[in-house]
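Novice: Next comes the structure file coords_21.cif, holding mmCIF, C-alpha atoms.
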```
data_protein
loop_
_atom_site.label_atom_id
_atom_site.label_comp_id
_atom_site.auth_asym_id
_atom_site.auth_seq_id
_atom_site.Cartn_x
_atom_site.Cartn_y
_atom_site.Cartn_z
CA MET P 1 10.81 5.29 -4.13
CA ALA P 2 9.71 8.93 -4.14
CA ASP P 3 13.17 10.03 -5.25
CA LEU P 4 13.11 7.65 -8.22
CA LEU P 5 9.65 8.87 -9.17
CA PHE P 6 10.81 12.48 -8.91
CA ILE P 7 13.82 11.74 -11.12
CA ALA P 8 11.61 9.99 -13.69
CA VAL P 9 9.13 12.88 -13.79
CA THR P 10 12.01 15.33 -14.07
CA ALA P 11 13.44 13.38 -17.00
CA ILE P 12 10.05 13.38 -18.75
CA THR P 13 9.50 17.09 -18.18
CA VAL P 14 12.96 18.28 -19.16
CA GLY P 15 13.23 15.77 -22.00
CA GLY P 16 9.90 16.90 -23.42
CA ALA P 17 10.94 20.54 -23.20
CA VAL P 18 14.27 19.88 -24.91
CA LEU P 19 12.57 17.85 -27.65
CA ALA P 20 10.01 20.63 -28.13
CA LEU P 21 12.78 23.17 -28.59
CA GLU P 22 15.10 21.07 -30.72
CA SER P 23 12.58 19.33 -32.98
CA THR P 24 12.65 20.38 -36.61
CA GLU P 25 9.13 19.08 -37.25
CA MET P 26 6.39 21.21 -35.65
CA VAL P 27 4.05 18.29 -35.02
CA TYR P 28 6.71 16.45 -33.02
CA ALA P 29 7.49 19.67 -31.14
CA ALA P 30 3.81 20.06 -30.16
CA VAL P 31 3.62 16.46 -28.94
CA ALA P 32 6.84 16.94 -26.94
CA LEU P 33 5.41 20.13 -25.43
CA ALA P 34 2.31 18.19 -24.36
CA GLY P 35 4.58 15.60 -22.73
CA SER P 36 6.50 18.30 -20.89
CA LEU P 37 3.29 19.92 -19.66
CA PHE P 38 2.07 16.50 -18.51
CA GLY P 39 5.31 16.16 -16.55
CA ILE P 40 4.53 19.45 -14.80
CA ALA P 41 1.14 18.01 -13.85
CA ALA P 42 2.92 14.96 -12.43
CA PHE P 43 4.99 17.31 -10.26
CA PHE P 44 1.77 18.73 -8.85
CA PHE P 45 0.59 15.19 -8.05
CA LEU P 46 3.90 14.58 -6.27
CA LEU P 47 3.35 17.80 -4.29
CA ASN P 48 -0.04 16.44 -3.16
CA ALA P 49 -1.95 19.07 -5.14
CA PRO P 50 -4.36 16.99 -7.22
CA TYR P 51 -6.70 19.89 -8.03
CA VAL P 52 -3.91 21.93 -9.61
CA ALA P 53 -2.60 18.82 -11.39
CA VAL P 54 -5.97 18.03 -12.95
CA PHE P 55 -6.36 21.69 -13.90
CA GLN P 56 -2.90 21.55 -15.54
CA ILE P 57 -3.84 18.46 -17.53
CA THR P 58 -7.22 19.85 -18.53
CA VAL P 59 -6.12 23.32 -19.57
CA TYR P 60 -2.57 22.96 -20.82
CA VAL P 61 -2.32 19.38 -22.05
CA GLY P 62 -5.95 18.99 -23.03
CA ALA P 63 -6.62 22.40 -24.53
CA VAL P 64 -3.51 24.37 -25.36
CA ALA P 65 -1.27 21.55 -26.61
CA VAL P 66 -4.07 19.96 -28.63
CA LEU P 67 -4.99 23.40 -30.01
CA ILE P 68 -1.38 23.98 -31.07
CA LEU P 69 -1.27 20.52 -32.63
CA PHE P 70 -4.45 21.06 -34.67
CA THR P 71 -3.37 24.56 -35.69
CA VAL P 72 -0.04 23.24 -36.94
CA MET P 73 -1.77 20.44 -38.81
CA LEU P 74 -4.26 22.84 -40.39
CA VAL P 75 -1.83 25.55 -41.40
CA ARG P 76 1.07 23.21 -42.26
CA GLN P 77 3.37 25.55 -44.12
CA GLU P 78 6.67 24.25 -45.41
CA LYS P 79 8.60 27.27 -44.13
CA TRP P 80 8.17 25.96 -40.56
CA MET P 81 9.94 22.71 -41.40
CA LYS P 82 13.44 24.00 -41.97
CA GLU P 83 16.60 21.97 -41.84
CA ALA P 84 18.43 22.26 -38.55
CA THR P 85 21.53 24.38 -38.78
CA TYR P 86 24.20 23.93 -36.15
CA SER P 87 25.81 27.24 -35.43
CA LEU P 88 27.67 29.05 -32.73
CA ALA P 89 24.41 30.56 -31.46
CA ARG P 90 23.02 27.08 -30.73
CA LEU P 91 26.16 26.22 -28.76
CA PHE P 92 25.83 29.41 -26.72
CA GLY P 93 22.16 28.63 -26.12
CA ILE P 94 22.99 25.17 -24.78
CA LEU P 95 25.73 26.61 -22.58
CA ALA P 96 23.36 29.29 -21.26
CA ALA P 97 20.72 26.65 -20.47
CA ALA P 98 23.32 24.56 -18.62
CA ALA P 99 24.45 27.64 -16.66
CA ILE P 100 20.85 28.46 -15.69
CA ALA P 101 20.21 24.85 -14.63
CA ALA P 102 23.39 24.85 -12.53
CA THR P 103 22.35 28.15 -10.94
CA PHE P 104 18.94 26.74 -10.02
CA ALA P 105 20.49 23.58 -8.59
CA LEU P 106 23.03 25.49 -6.52
CA SER P 107 20.45 27.99 -5.24
CA PHE P 108 18.13 25.14 -4.24
CA ALA P 109 20.98 23.37 -2.45
CA ALA P 110 21.86 26.55 -0.55
CA SER P 111 18.26 27.46 0.34
CA ARG P 112 17.63 24.82 3.04
CA LEU P 113 14.12 24.16 1.71
CA TYR P 114 14.47 20.50 2.63
CA ASP P 115 14.73 21.48 6.34
CA LEU P 116 11.22 22.96 6.41
CA PRO P 117 8.63 20.94 8.34
CA ALA P 118 5.74 19.38 6.47
CA GLN P 119 2.49 21.33 6.44
CA GLN P 120 0.17 19.96 9.10
CA ASN P 121 -3.26 20.84 7.75
CA THR P 122 -3.40 20.69 3.97
CA PRO P 123 -6.57 22.08 2.40
CA THR P 124 -9.04 19.59 1.01
CA PHE P 125 -10.35 19.44 -2.53
CA PHE P 126 -13.63 21.03 -1.38
CA GLU P 127 -11.87 23.92 0.39
CA ILE P 128 -9.77 24.70 -2.71
CA GLY P 129 -12.89 24.67 -4.88
CA GLN P 130 -14.71 26.91 -2.42
CA LEU P 131 -11.78 29.37 -2.38
CA ILE P 132 -11.63 29.48 -6.18
CA SER P 133 -15.38 29.89 -6.60
CA THR P 134 -15.71 32.72 -4.06
CA ASN P 135 -12.62 34.88 -3.51
CA LEU P 136 -10.71 34.05 -6.65
CA SER P 137 -13.57 33.90 -9.14
CA PRO P 138 -12.57 37.18 -10.93
CA ILE P 139 -9.10 35.75 -11.57
CA LEU P 140 -10.64 32.53 -12.89
CA LEU P 141 -12.88 34.55 -15.21
CA VAL P 142 -9.91 36.53 -16.54
CA LEU P 143 -8.01 33.28 -17.16
CA ALA P 144 -11.03 31.91 -19.03
CA LEU P 145 -11.13 35.05 -21.20
CA VAL P 146 -7.40 34.76 -21.95
CA LEU P 147 -7.88 31.11 -22.93
CA ALA P 148 -10.83 32.06 -25.14
CA ALA P 149 -8.73 34.78 -26.79
CA SER P 150 -5.95 32.27 -27.47
CA VAL P 151 -8.47 29.88 -29.03
CA LEU P 152 -9.79 32.68 -31.27
CA GLY P 153 -6.21 33.62 -32.21
CA ALA P 154 -5.43 30.02 -33.12
CA ILE P 155 -8.57 29.78 -35.23
CA THR P 156 -7.60 33.01 -37.00
CA LEU P 157 -4.12 31.61 -37.69
CA ALA P 158 -5.59 28.36 -38.95
CA LYS P 159 -7.87 30.14 -41.40
CA VAL P 160 -5.79 30.07 -44.55
CA GLU P 161 -6.95 31.28 -47.92
CA ARG P 162 -6.53 28.32 -50.26
CA GLU P 163 -6.02 28.71 -53.97
CA GLU P 164 -8.75 27.18 -56.09
CA HIS P 165 -7.51 24.92 -58.89
#
```
Output the structure of this file as structure tokens.
Specialist:
Amino acid sequence: MADLLFIAVTAITVGGAVLALESTEMVYAAVALAGSLFGIAAFFFLLNAPYVAVFQITVYVGAVAVLILFTVMLVRQEKWMKEATYSLARLFGILAAAAIAATFALSFAASRLYDLPAQQNTPTFFEIGQLISTNLSPILLVLALVLAASVLGAITLAKVEREEH
């Protein structure tokens, strides 16, 4: 059952990423990106890391993807919605992506990660929160400032001078 769930989450994550890259409409690309980021959060749930999974959903799906979606809807320039052109560069890009995926699969198969024993004492939700709020609080503050800067950048991009008729 866990293998089927892993395969389904993998299909959602990779499918969302491919749709985000290959979509000609920016709104659909932003929705596909949100789906892919949600798939990453599902991986964290499968790894028994609910705190990181909820953080992934809150920050990336809830904030960044929605921010991108609203920025695209506000700016909405026609130059972003170009017709897809199939060229030799796209073929090389697909071949490079397949080569990278094959390299990852072969390196994982050769790494013997599946032979490692399971961790005996996993940290609890409270212990992770205590670690973040004490030792890692400067890192969390820097991440909050980076997220705030990205929000300000998106607002600046969304501010378009409109012609008065």
Novice: Applied to this file, what does the PyMOL selection byres ((chain P and resi 7-23) around 9) return in terms of residues, put as a PDB file with C-alpha atoms, in the frame of the given file?
Specialist:
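Ended up saving to result-v1.pdb:
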```
ATOM      1  CA  ALA P   2       9.710   8.930  -4.140  1.00  0.00           C
ATOM      2  CA  ASP P   3      13.170  10.030  -5.250  1.00  0.00           C
ATOM      3  CA  LEU P   4      13.110   7.650  -8.220  1.00  0.00           C
ATOM      4  CA  LEU P   5       9.650   8.870  -9.170  1.00  0.00           C
ATOM      5  CA  PHE P   6      10.810  12.480  -8.910  1.00  0.00           C
ATOM      6  CA  THR P  24      12.650  20.380 -36.610  1.00  0.00           C
ATOM      7  CA  GLU P  25       9.130  19.080 -37.250  1.00  0.00           C
ATOM      8  CA  MET P  26       6.390  21.210 -35.650  1.00  0.00           C
ATOM      9  CA  VAL P  27       4.050  18.290 -35.020  1.00  0.00           C
ATOM     10  CA  TYR P  28       6.710  16.450 -33.020  1.00  0.00           C
ATOM     11  CA  ALA P  29       7.490  19.670 -31.140  1.00  0.00           C
ATOM     12  CA  ALA P  30       3.810  20.060 -30.160  1.00  0.00           C
ATOM     13  CA  VAL P  31       3.620  16.460 -28.940  1.00  0.00           C
ATOM     14  CA  ALA P  32       6.840  16.940 -26.940  1.00  0.00           C
ATOM     15  CA  LEU P  33       5.410  20.130 -25.430  1.00  0.00           C
ATOM     16  CA  ALA P  34       2.310  18.190 -24.360  1.00  0.00           C
ATOM     17  CA  GLY P  35       4.580  15.600 -22.730  1.00  0.00           C
ATOM     18  CA  SER P  36       6.500  18.300 -20.890  1.00  0.00           C
ATOM     19  CA  LEU P  37       3.290  19.920 -19.660  1.00  0.00           C
ATOM     20  CA  PHE P  38       2.070  16.500 -18.510  1.00  0.00           C
ATOM     21  CA  GLY P  39       5.310  16.160 -16.550  1.00  0.00           C
ATOM     22  CA  ILE P  40       4.530  19.450 -14.800  1.00  0.00           C
ATOM     23  CA  ALA P  42       2.920  14.960 -12.430  1.00  0.00           C
ATOM     24  CA  PHE P  43       4.990  17.310 -10.260  1.00  0.00           C
ATOM     25  CA  ALA P  84      18.430  22.260 -38.550  1.00  0.00           C
TER      26      ALA P  84
END
```
Novice: When distances are computed from all atoms listed in the file, which of P:Val72, P:Ser137, P:Pro123, P:Gly129 shows the smallest separation from Phe55 of chain P?
Specialist: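 The closest residue to Phe55 of chain P is P:Gly129.
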Novice: So that I can see what lies close to Ala41 of chain P, please list as a list in words the residues with an atom at most 8 Å from it, counting only C-alpha atoms and leaving out residues fewer than 4 positions away in the same chain.
Specialist: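 Residues meeting the cut-off are Leu37, Phe45, Val52, Ala53, Val54, Gln56 and Ile57 of chain P.
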Novice: When you draw a straight line from atom CA of Val146 of chain P to atom CA of Phe126 of chain P, how long is it in Å?
Specialist: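 Value for the atom CA of Val146 of chain P-atom CA of Phe126 of chain P distance: 25.5 Å.
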Novice: How far is it from atom CA of Tyr51 of chain P to atom CA of Ser107 of chain P, in Å with one decimal?
Specialist: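 Between atom CA of Tyr51 of chain P and atom CA of Ser107 of chain P the gap works out to 28.5 Å.
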